[in-house]
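Trainee: What follows is start07.tsv; its format and atoms are TSV, C-alpha atoms.
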chain	number	residue	atom	x	y	z
I	1	MET	CA	0.00	0.00	0.00
I	2	ALA	CA	1.17	3.49	-0.74
I	3	GLU	CA	0.81	4.56	2.86
I	4	SER	CA	3.52	2.15	4.02
I	5	SER	CA	6.16	3.27	1.54
I	6	SER	CA	5.67	7.01	1.02
I	7	VAL	CA	5.48	10.01	3.32
I	8	MET	CA	1.92	10.88	4.38
I	9	SER	CA	0.64	14.44	4.58
I	10	ASN	CA	-0.35	14.02	8.26
I	11	PRO	CA	1.45	10.98	9.66
I	12	PRO	CA	0.57	9.97	13.23
I	13	THR	CA	2.74	10.39	16.28
I	14	VAL	CA	3.24	6.89	17.68
I	15	ILE	CA	4.02	6.33	21.37
I	16	LEU	CA	5.01	2.93	22.77
I	17	SER	CA	4.85	2.69	26.56
I	18	ALA	CA	6.83	-0.16	28.16
I	19	SER	CA	7.97	-1.33	31.59
I	20	PRO	CA	10.18	-4.19	32.83
I	21	LYS	CA	7.53	-5.58	35.21
I	22	GLY	CA	3.99	-5.12	36.42
I	23	GLY	CA	3.22	-2.54	39.09
I	24	CYS	CA	5.31	0.25	37.58
I	25	GLY	CA	2.25	2.36	36.76
I	26	LYS	CA	2.64	2.00	33.00
I	27	THR	CA	-1.11	1.89	32.38
I	28	THR	CA	-1.62	4.90	34.66
I	29	VAL	CA	0.82	6.80	32.45
I	30	THR	CA	-0.97	5.61	29.30
I	31	ASP	CA	-4.32	6.65	30.81
I	32	ALA	CA	-2.97	10.14	31.48
I	33	THR	CA	-1.17	10.39	28.13
I	34	ALA	CA	-4.35	9.54	26.22
I	35	SER	CA	-6.32	12.14	28.18
I	36	VAL	CA	-3.74	14.84	27.38
I	37	SER	CA	-3.78	13.88	23.70
I	38	VAL	CA	-7.58	14.00	23.42
I	39	ALA	CA	-7.84	17.24	25.42
I	40	SER	CA	-5.32	18.74	23.00
I	41	GLY	CA	-7.66	18.00	20.11
I	42	HIS	CA	-5.87	15.01	18.60
I	43	SER	CA	-7.64	12.02	17.09
I	44	THR	CA	-6.24	9.34	19.40
I	45	LEU	CA	-6.08	5.56	19.29
I	46	VAL	CA	-4.92	3.44	22.24
I	47	VAL	CA	-3.77	-0.12	21.49
I	48	ASP	CA	-3.75	-2.49	24.48
I	49	VAL	CA	-0.93	-5.01	23.89
I	50	ASP	CA	-1.30	-7.03	27.08
I	51	ASP	CA	-2.67	-10.56	26.82
I	52	GLY	CA	-2.48	-11.27	30.52
I	53	ASN	CA	-3.96	-8.10	31.99
I	54	SER	CA	-5.53	-5.65	29.50
I	55	GLY	CA	-5.19	-3.01	32.19
I	56	TYR	CA	-6.06	-0.06	30.00
I	57	ARG	CA	-9.35	-1.48	28.77
I	58	ARG	CA	-10.28	-2.45	32.34
I	59	ARG	CA	-9.91	1.22	33.25
I	60	ALA	CA	-11.22	3.00	30.20
I	61	GLY	CA	-13.72	0.43	28.90
I	62	LYS	CA	-13.37	-2.19	26.18
I	63	GLY	CA	-14.45	0.26	23.48
I	64	ALA	CA	-11.71	2.73	24.44
I	65	ALA	CA	-8.84	0.71	22.95
I	66	LEU	CA	-8.00	-1.93	20.40
I	67	SER	CA	-6.65	-5.21	21.73
I	68	LEU	CA	-3.54	-6.66	20.08
I	69	SER	CA	-2.60	-10.23	20.99
I	70	TRP	CA	0.98	-11.27	21.71
I	71	THR	CA	0.52	-13.95	19.04
I	72	THR	CA	0.02	-11.38	16.26
I	73	THR	CA	2.60	-12.01	13.53
I	74	ALA	CA	4.55	-9.60	11.36
I	75	ASP	CA	2.78	-10.62	8.14
I	76	ARG	CA	-0.35	-8.86	9.41
I	77	THR	CA	1.36	-5.50	9.89
I	78	ARG	CA	0.51	-3.78	6.61
I	79	PRO	CA	-3.28	-4.44	6.59
I	80	TRP	CA	-3.54	-3.79	10.33
I	81	LEU	CA	-1.93	-0.36	10.01
I	82	ALA	CA	-4.08	0.52	7.00
I	83	LYS	CA	-7.26	-0.43	8.86
I	84	ASN	CA	-6.53	1.04	12.28
I	85	VAL	CA	-3.72	3.58	12.31
I	86	TYR	CA	-3.59	5.70	9.19
I	87	GLY	CA	-5.74	8.80	9.63
I	88	LYS	CA	-5.12	9.08	13.38
I	89	ASP	CA	-3.12	11.94	14.90
I	90	VAL	CA	-1.75	9.97	17.85
I	91	VAL	CA	-1.45	6.22	18.43
I	92	ILE	CA	-0.46	4.93	21.88
I	93	PHE	CA	0.64	1.32	22.35
I	94	ASP	CA	0.32	0.16	25.97
I	95	LEU	CA	2.77	-2.75	25.96
I	96	GLY	CA	2.43	-5.63	28.40
I	97	ALA	CA	5.00	-5.86	31.19
I	98	ASN	CA	8.36	-7.10	29.91
I	99	LEU	CA	6.98	-7.49	26.38
I	100	VAL	CA	10.09	-5.96	24.81
I	101	ALA	CA	12.23	-8.84	26.15
I	102	SER	CA	9.62	-11.58	25.68
I	103	GLU	CA	10.42	-12.50	22.06
I	104	SER	CA	6.69	-13.00	21.49
I	105	PRO	CA	5.53	-12.90	17.85
I	106	VAL	CA	3.97	-9.49	18.41
I	107	THR	CA	7.43	-7.99	19.01
I	108	GLU	CA	8.27	-8.67	15.36
I	109	PHE	CA	4.91	-7.21	14.39
I	110	LEU	CA	5.69	-4.06	16.35
I	111	GLY	CA	9.19	-3.82	14.90
I	112	GLU	CA	7.79	-4.01	11.38
I	113	ALA	CA	5.06	-1.51	12.26
I	114	ILE	CA	7.67	0.96	13.52
I	115	LEU	CA	9.64	0.69	10.29
I	116	GLN	CA	6.56	1.11	8.11
I	117	LEU	CA	5.26	4.04	10.15
I	118	LYS	CA	8.66	5.69	10.15
I	119	ALA	CA	8.72	5.37	6.34
I	120	THR	CA	5.44	7.31	6.17
I	121	GLY	CA	6.95	10.18	8.20
I	122	SER	CA	5.55	9.22	11.59
I	123	ARG	CA	7.22	10.40	14.75
I	124	ILE	CA	8.07	7.32	16.85
I	125	VAL	CA	8.41	7.74	20.61
I	126	PHE	CA	9.23	5.22	23.35
I	127	PHE	CA	8.23	5.81	26.97
I	128	ALA	CA	10.38	3.66	29.27
I	129	ILE	CA	8.44	3.62	32.52
I	130	ALA	CA	10.70	3.71	35.57
I	131	SER	CA	9.45	3.37	39.14
I	132	PRO	CA	11.13	3.08	42.53
I	133	ASN	CA	10.08	-0.59	42.78
I	134	ALA	CA	11.26	-1.77	39.34
I	135	PRO	CA	14.70	-3.38	39.15
I	136	GLY	CA	15.58	-4.07	35.54
I	137	THR	CA	14.46	-0.67	34.28
I	138	GLY	CA	18.05	0.13	33.30
I	139	ARG	CA	18.18	-2.91	31.02
I	140	LEU	CA	14.90	-1.86	29.39
I	141	ILE	CA	16.16	1.68	28.80
I	142	ARG	CA	19.45	0.49	27.32
I	143	SER	CA	17.58	-1.93	25.06
I	144	MET	CA	15.27	0.82	23.81
I	145	ARG	CA	18.12	3.24	23.32
I	146	ASP	CA	20.40	0.77	21.57
I	147	ASP	CA	17.73	-0.93	19.42
I	148	TYR	CA	15.48	1.97	18.48
I	149	SER	CA	17.30	5.31	18.86
I	150	SER	CA	18.01	5.37	15.11
I	151	VAL	CA	14.27	5.46	14.32
I	152	ALA	CA	12.67	6.71	17.55
I	153	GLU	CA	12.90	9.16	20.42
I	154	VAL	CA	13.30	7.50	23.81
I	155	TYR	CA	12.14	9.11	27.05
I	156	ILE	CA	12.35	7.90	30.64
I	157	VAL	CA	9.06	8.49	32.46
I	158	GLU	CA	9.82	8.46	36.19
I	159	ASN	CA	6.55	7.34	37.74
I	160	ASN	CA	6.71	8.04	41.46
I	161	VAL	CA	4.37	5.12	42.23
I	162	ASP	CA	5.03	4.83	45.96
I	163	GLY	CA	5.76	8.50	46.66
I	164	SER	CA	9.35	7.82	47.72
I	165	ASN	CA	11.12	9.32	44.68
I	166	ALA	CA	13.74	6.62	45.29
I	167	PHE	CA	14.67	6.06	41.66
I	168	PRO	CA	17.90	4.24	40.78
I	169	GLU	CA	20.85	6.61	40.75
I	170	ASN	CA	21.81	5.57	37.23
I	171	MET	CA	18.66	7.09	35.70
I	172	GLY	CA	20.69	10.18	34.84
I	173	THR	CA	23.50	8.30	33.12
I	174	PHE	CA	21.72	7.19	29.95
I	175	GLY	CA	21.76	10.54	28.17
I	176	ILE	CA	17.97	10.38	27.79
I	177	THR	CA	15.38	13.04	28.63
I	178	THR	CA	13.45	12.29	31.81
I	179	ILE	CA	9.77	13.14	32.27
I	180	PRO	CA	8.57	13.18	35.91
I	181	PHE	CA	5.15	11.65	36.57
I	182	PRO	CA	3.60	12.53	39.95
I	183	HIS	CA	2.60	10.19	42.74
I	184	MET	CA	-1.11	9.35	42.73
I	185	ASP	CA	-2.56	8.71	46.19
I	186	PRO	CA	-4.34	5.31	46.43
I	187	GLY	CA	-7.61	7.08	47.20
I	188	ILE	CA	-7.73	9.12	44.02
I	189	GLN	CA	-6.69	6.05	42.06
I	190	ALA	CA	-9.64	4.24	43.63
I	191	VAL	CA	-11.94	7.06	42.54
I	192	ARG	CA	-10.65	6.78	39.00
I	193	MET	CA	-11.36	3.01	39.02
I	194	LEU	CA	-15.00	3.48	40.00
I	195	ARG	CA	-15.96	3.86	36.33
I	196	GLU	CA	-14.76	2.10	33.19
I	197	GLU	CA	-14.54	5.23	31.05
I	198	PRO	CA	-11.72	7.19	29.43
I	199	LEU	CA	-9.99	9.34	32.03
I	200	LEU	CA	-10.85	12.65	30.36
I	201	GLU	CA	-14.56	11.76	30.50
I	202	VAL	CA	-14.20	11.05	34.22
I	203	PHE	CA	-12.52	14.44	34.68
I	204	ARG	CA	-15.29	16.20	32.76
I	205	ALA	CA	-18.11	14.51	34.69
I	206	PRO	CA	-16.77	13.46	38.12
I	207	SER	CA	-18.51	10.82	40.21
I	208	PRO	CA	-20.86	12.50	42.74
I	209	GLY	CA	-19.21	13.01	46.09
I	210	TYR	CA	-15.72	12.71	44.62
I	211	GLU	CA	-15.45	15.95	42.66
I	212	VAL	CA	-12.52	17.26	44.72
I	213	ALA	CA	-10.54	14.01	44.42
I	214	THR	CA	-11.15	14.02	40.68
I	215	ALA	CA	-9.94	17.61	40.46
I	216	ARG	CA	-6.80	16.59	42.35
I	217	TYR	CA	-6.21	13.80	39.84
I	218	ALA	CA	-6.66	16.31	36.99
I	219	GLN	CA	-4.18	18.61	38.75
I	220	LYS	CA	-1.61	15.80	38.81
I	221	VAL	CA	-2.13	15.01	35.13
I	222	ALA	CA	-1.84	18.72	34.34
I	223	SER	CA	1.62	18.75	35.95
I	224	PHE	CA	2.59	15.93	33.59
I	225	ALA	CA	1.07	17.72	30.58
I	226	LYS	CA	3.09	20.86	31.35
I	227	GLN	CA	6.43	19.06	31.02
I	228	GLU	CA	8.41	20.39	28.07
I	229	ALA	CA	8.77	16.96	26.46
I	230	VAL	CA	5.03	16.27	26.75
I	231	ARG	CA	4.15	19.68	25.34
I	232	GLY	CA	6.50	18.88	22.47
I	233	LEU	CA	4.33	15.85	21.68
I	234	PHE	CA	0.84	17.30	22.09
I	235	GLY	CA	1.17	21.08	22.18
I	236	ASP	CA	-0.44	23.45	24.67
I	237	ASP	CA	-4.05	23.39	23.50
I	238	GLY	CA	-5.20	21.01	26.24
I	239	LEU	CA	-3.67	22.91	29.15
I	240	PRO	CA	-6.52	25.43	29.65
I	241	GLU	CA	-9.03	22.61	30.03
I	242	PHE	CA	-6.86	20.84	32.58
I	243	GLN	CA	-6.53	24.07	34.54
I	244	ARG	CA	-10.32	24.35	34.59
I	245	LEU	CA	-10.79	20.68	35.54
I	246	ALA	CA	-8.28	21.07	38.39
I	247	ALA	CA	-9.79	24.29	39.76
I	248	ALA	CA	-11.44	22.58	42.74
I	249	ALA	CA	-8.28	20.73	43.77
I	250	PRO	CA	-6.97	21.37	47.31
I	251	GLY	CA	-3.90	23.49	47.78
I	252	GLY	CA	-2.30	20.80	49.91
I	253	LEU	CA	-3.15	17.96	52.28
I	254	ARG	CA	-1.94	16.89	55.72
I	255	TYR	CA	-2.36	13.18	55.00
I	256	ALA	CA	-2.22	11.02	51.89
I	257	ILE	CA	-5.60	9.93	50.54
I	258	GLY	CA	-5.58	6.27	51.44
I	259	GLY	CA	-8.91	4.99	50.15
I	260	LEU	CA	-12.39	5.90	48.95
I	261	ARG	CA	-13.50	7.07	52.40
I	262	GLY	CA	-10.67	9.58	52.55
I	263	ALA	CA	-11.35	10.63	48.97
I	264	ARG	CA	-14.84	11.98	49.57
I	265	ASN	CA	-15.26	15.72	49.20
I	266	GLU	CA	-15.77	16.41	52.91
I	267	ALA	CA	-12.78	14.24	53.89
I	268	ILE	CA	-10.41	16.02	51.52
I	269	ARG	CA	-11.60	19.44	52.63
I	270	ALA	CA	-11.11	18.43	56.29
I	271	ASN	CA	-7.67	17.10	55.37
I	272	GLU	CA	-6.87	20.43	53.71
I	273	ARG	CA	-8.09	22.41	56.74
I	274	LEU	CA	-5.91	20.24	58.97
I	275	LEU	CA	-2.84	21.14	56.93
I	276	LEU	CA	-3.67	24.84	57.17
I	277	ALA	CA	-4.16	24.55	60.92
I	278	SER	CA	-0.79	22.81	61.36
I	279	ARG	CA	0.92	25.53	59.32
I	280	GLU	CA	-0.68	28.25	61.43
I	281	VAL	CA	0.62	26.63	64.63
I	282	ARG	CA	4.16	26.44	63.25
I	283	SER	CA	4.11	30.05	62.07
I	284	ALA	CA	2.57	31.52	65.21
I	285	ASP	CA	4.64	33.95	67.28
I	286	ARG	CA	5.99	31.87	70.16
I	287	THR	CA	6.17	34.91	72.41
I	288	ASN	CA	2.40	35.28	72.12
I	289	ARG	CA	1.29	32.38	74.27
I	290	GLU	CA	-2.41	33.12	73.92
I	291	LEU	CA	-2.12	32.99	70.12
I	292	VAL	CA	-0.10	29.77	70.21
I	293	TYR	CA	-2.65	28.21	72.54
I	294	ALA	CA	-5.56	29.27	70.32
I	295	LYS	CA	-3.87	27.90	67.20
I	296	ALA	CA	-3.05	24.64	68.98
I	297	ILE	CA	-6.71	24.23	69.95
I	298	GLU	CA	-7.70	24.89	66.33
I	299	LEU	CA	-5.27	22.19	65.24
I	300	ILE	CA	-6.66	19.70	67.76
I	301	ASP	CA	-10.19	20.49	66.60
I	302	ALA	CA	-9.21	20.14	62.94
I	303	GLU	CA	-7.60	16.76	63.64
I	304	ALA	CA	-10.69	15.60	65.51
I	305	ALA	CA	-12.97	16.77	62.69
I	306	TYR	CA	-10.88	14.91	60.14
I	307	ARG	CA	-10.83	11.71	62.21
I	308	ALA	CA	-14.59	11.88	62.70
I	309	ILE	CA	-15.35	11.67	58.97
How would this structure read if it were set down as structure tokens?

Mentor:
Amino acid sequence: MAESSSVMSNPPTVILSASPKGGCGKTTVTDATASVSVASGHSTLVVDVDDGNSGYRRRAGKGAALSLSWTTTADRTRPWLAKNVYGKDVVIFDLGANLVASESPVTEFLGEAILQLKATGSRIVFFAIASPNAPGTGRLIRSMRDDYSSVAEVYIVENNVDGSNAFPENMGTFGITTIPFPHMDPGIQAVRMLREEPLLEVFRAPSPGYEVATARYAQKVASFAKQEAVRGLFGDDGLPEFQRLAAAAPGGLRYAIGGLRGARNEAIRANERLLLASREVRSADRTNRELVYAKAIELIDAEAAYRAI
């Protein structure tokens, strides 16, 4: 087909998101990346390449992504691209954990797809998902860099899954641009999982009672969307919507949001008030004992109010 051998007028940007193991937050990154792409006005296709889990479709709904089996062979590449990819602005492949090293038939399919898409003028991008709990990430990054840097851009996405920021020290030694991805409290993740819909639709119509948690999630995704490398992929057109969607987010919280109970609107607002009360105690003039006492009582009351929810 002509599309596979000549430059297209509007070739898609193709992003392949990979991790060395499960639990790195790869699908969370894909979920956010797709929402940024759609909010930016791009016709977006997500391809779920995960036989064992299909994590993206379990989040966003079966109709939100195409499924691509690990048994798919390279001889199917040309018709598959013609049917599904050409005409899209952005295509995101959510690769199963350790797929790159699996030597499954679909890896040859993907290799051939990359070459054909590159020949049409597509921009090929790899996201190597790093997390504090993922030994082997260095091997994945080196493999991507060594095998694909001639045809693709490779980025390290540092997903702060556990909130520790304890990434391997060698992350900065690969000569590859790093994109920080913020920690998502378990509670706001639980809110996101309440509905099998694309993330942007959840942001636009939050679940009742969880509007503030949803705004906090949107705020976190907005911080990802503002990264220079991400803006280089999708532009700035989606940022105003994310700012609007995040408007109700709290300025800060005393405690992490640990579950659905702590993610309810009233719990997050009480959590936010508790942080403000603790700050006021610390900033109070110690020589003014009456003021310190009053602020301490306010802190005790704020803690009690939070615990009572």

Trainee: Pick from I:Val46, I:Leu115, I:Ala222, I:Ile92: nearest to Ala74 in chain I, with all atoms listed in the file counted?

Mentor: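 The answer is I:Leu115, which sits nearest to Ala74 in chain I.
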
Trainee: Give me, as a list in words, all polymer residues having an atom no more than 10 Å from Arg57 in chain I, counting all atoms listed in the file and skipping those fewer than 3 positions away in the same chain.

Mentor: Thr27, Asp31, Val46, Val47, Asp48, Asp50, Asn53, Ser54, Ala60, Gly61, Lys62, Gly63, Ala64, Ala65, Leu66, Ser67, Glu196, Glu197 and Pro198 of chain I

Trainee: In Å to one decimal, how far is CA of Ile141 in chain I from CA of Arg192 in chain I?

Mentor: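 Computing the Euclidean distance for CA of Arg192 in chain I and CA of Ile141 in chain I yields 29.1 Å.
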
Trainee: Find, counting all atoms listed in the file, the residue in I:Pro182, I:Asp285, I:Leu200, I:Ala190 that gets nearest to Ser223 in chain I.

Mentor: I:Pro182

Trainee: Rounded to one decimal in Å, what is the spacing between CA of Arg264 in chain I and CA of Tyr210 in chain I?

Mentor: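 We find that CA of Arg264 in chain I and CA of Tyr210 in chain I lie 5.1 Å from each other.
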
Trainee: When distances are computed from all atoms listed in the file, which of I:Ala270, I:Val161, I:Val85, I:Ile188 shows the smallest separation from Pro132 in chain I?

Mentor: I:Val161

Trainee: Could you please give me, as a ChimeraX atom specification, the residues of protein, DNA or RNA lying at most 7 Å from (13.2, 9.0, 23.0) in the coordinate frame of the file, considering all atoms listed in the file?

Mentor: /I:125-126,149,152-155,176

Trainee: In Å, how far is it from CA of Ser9 in chain I to CA of Arg123 in chain I?

Mentor: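 Straight-line distance from CA of Ser9 in chain I to CA of Arg123 in chain I works out to 12.8 Å.
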
Trainee: In terms of the shortest atom-to-atom distance over only C-alpha atoms, which of I:Ile15, I:Leu68, I:Leu199, I:Ile300 is closest to Val106 in chain I?

Mentor: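 Checking each of I:Ile15, I:Leu68, I:Leu199, I:Ile300 against Val106 in chain I, counting only C-alpha atoms, the winner is I:Leu68.
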
Trainee: Extract, using only C-alpha atoms, all DNA, RNA and protein residues at most 8 Å from Phe234 in chain I, discarding same-chain residues fewer than 2 positions from it, and format them as a list in words.

Mentor: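 Non-adjacent residues within range: Val36, Ser37, Ser40, His42, Val230, Arg231, Gly232, Asp236 and Asp237 of chain I.
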
Trainee: From the options I:Val90, I:Ile268, I:Val151, I:Ala130, which residue's atoms come nearest to Gln116 in chain I, counting all atoms listed in the file?

Mentor: I:Val151

Trainee: Find, counting only C-alpha atoms, the residue in I:Tyr306, I:Tyr56, I:Tyr86, I:Phe224 that gets nearest to Thr120 in chain I.

Mentor: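 Of all the options, I:Tyr86 lies closest to Thr120 in chain I.
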
Trainee: Would you mind listing what lies within 10 Å of Gln189 in chain I as a JSON list (two decimals) with C-alpha atoms, in the frame of the given file, with only C-alpha atoms counted and same-chain residues fewer than 4 positions away left out?

Mentor:
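After the write, out_7.json holds the following:
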[["chain", "number", "residue", "atom", "x", "y", "z"],
["I", 28, "THR", "CA", -1.62, 4.90, 34.66],
["I", 184, "MET", "CA", -1.11, 9.35, 42.73],
["I", 185, "ASP", "CA", -2.56, 8.71, 46.19],
["I", 193, "MET", "CA", -11.36, 3.01, 39.02],
["I", 194, "LEU", "CA", -15.00, 3.48, 40.00],
["I", 213, "ALA", "CA", -10.54, 14.01, 44.42],
["I", 214, "THR", "CA", -11.15, 14.02, 40.68],
["I", 217, "TYR", "CA", -6.21, 13.80, 39.84],
["I", 257, "ILE", "CA", -5.60, 9.93, 50.54],
["I", 258, "GLY", "CA", -5.58, 6.27, 51.44],
["I", 259, "GLY", "CA", -8.91, 4.99, 50.15],
["I", 260, "LEU", "CA", -12.39, 5.90, 48.95],
["I", 263, "ALA", "CA", -11.35, 10.63, 48.97]]
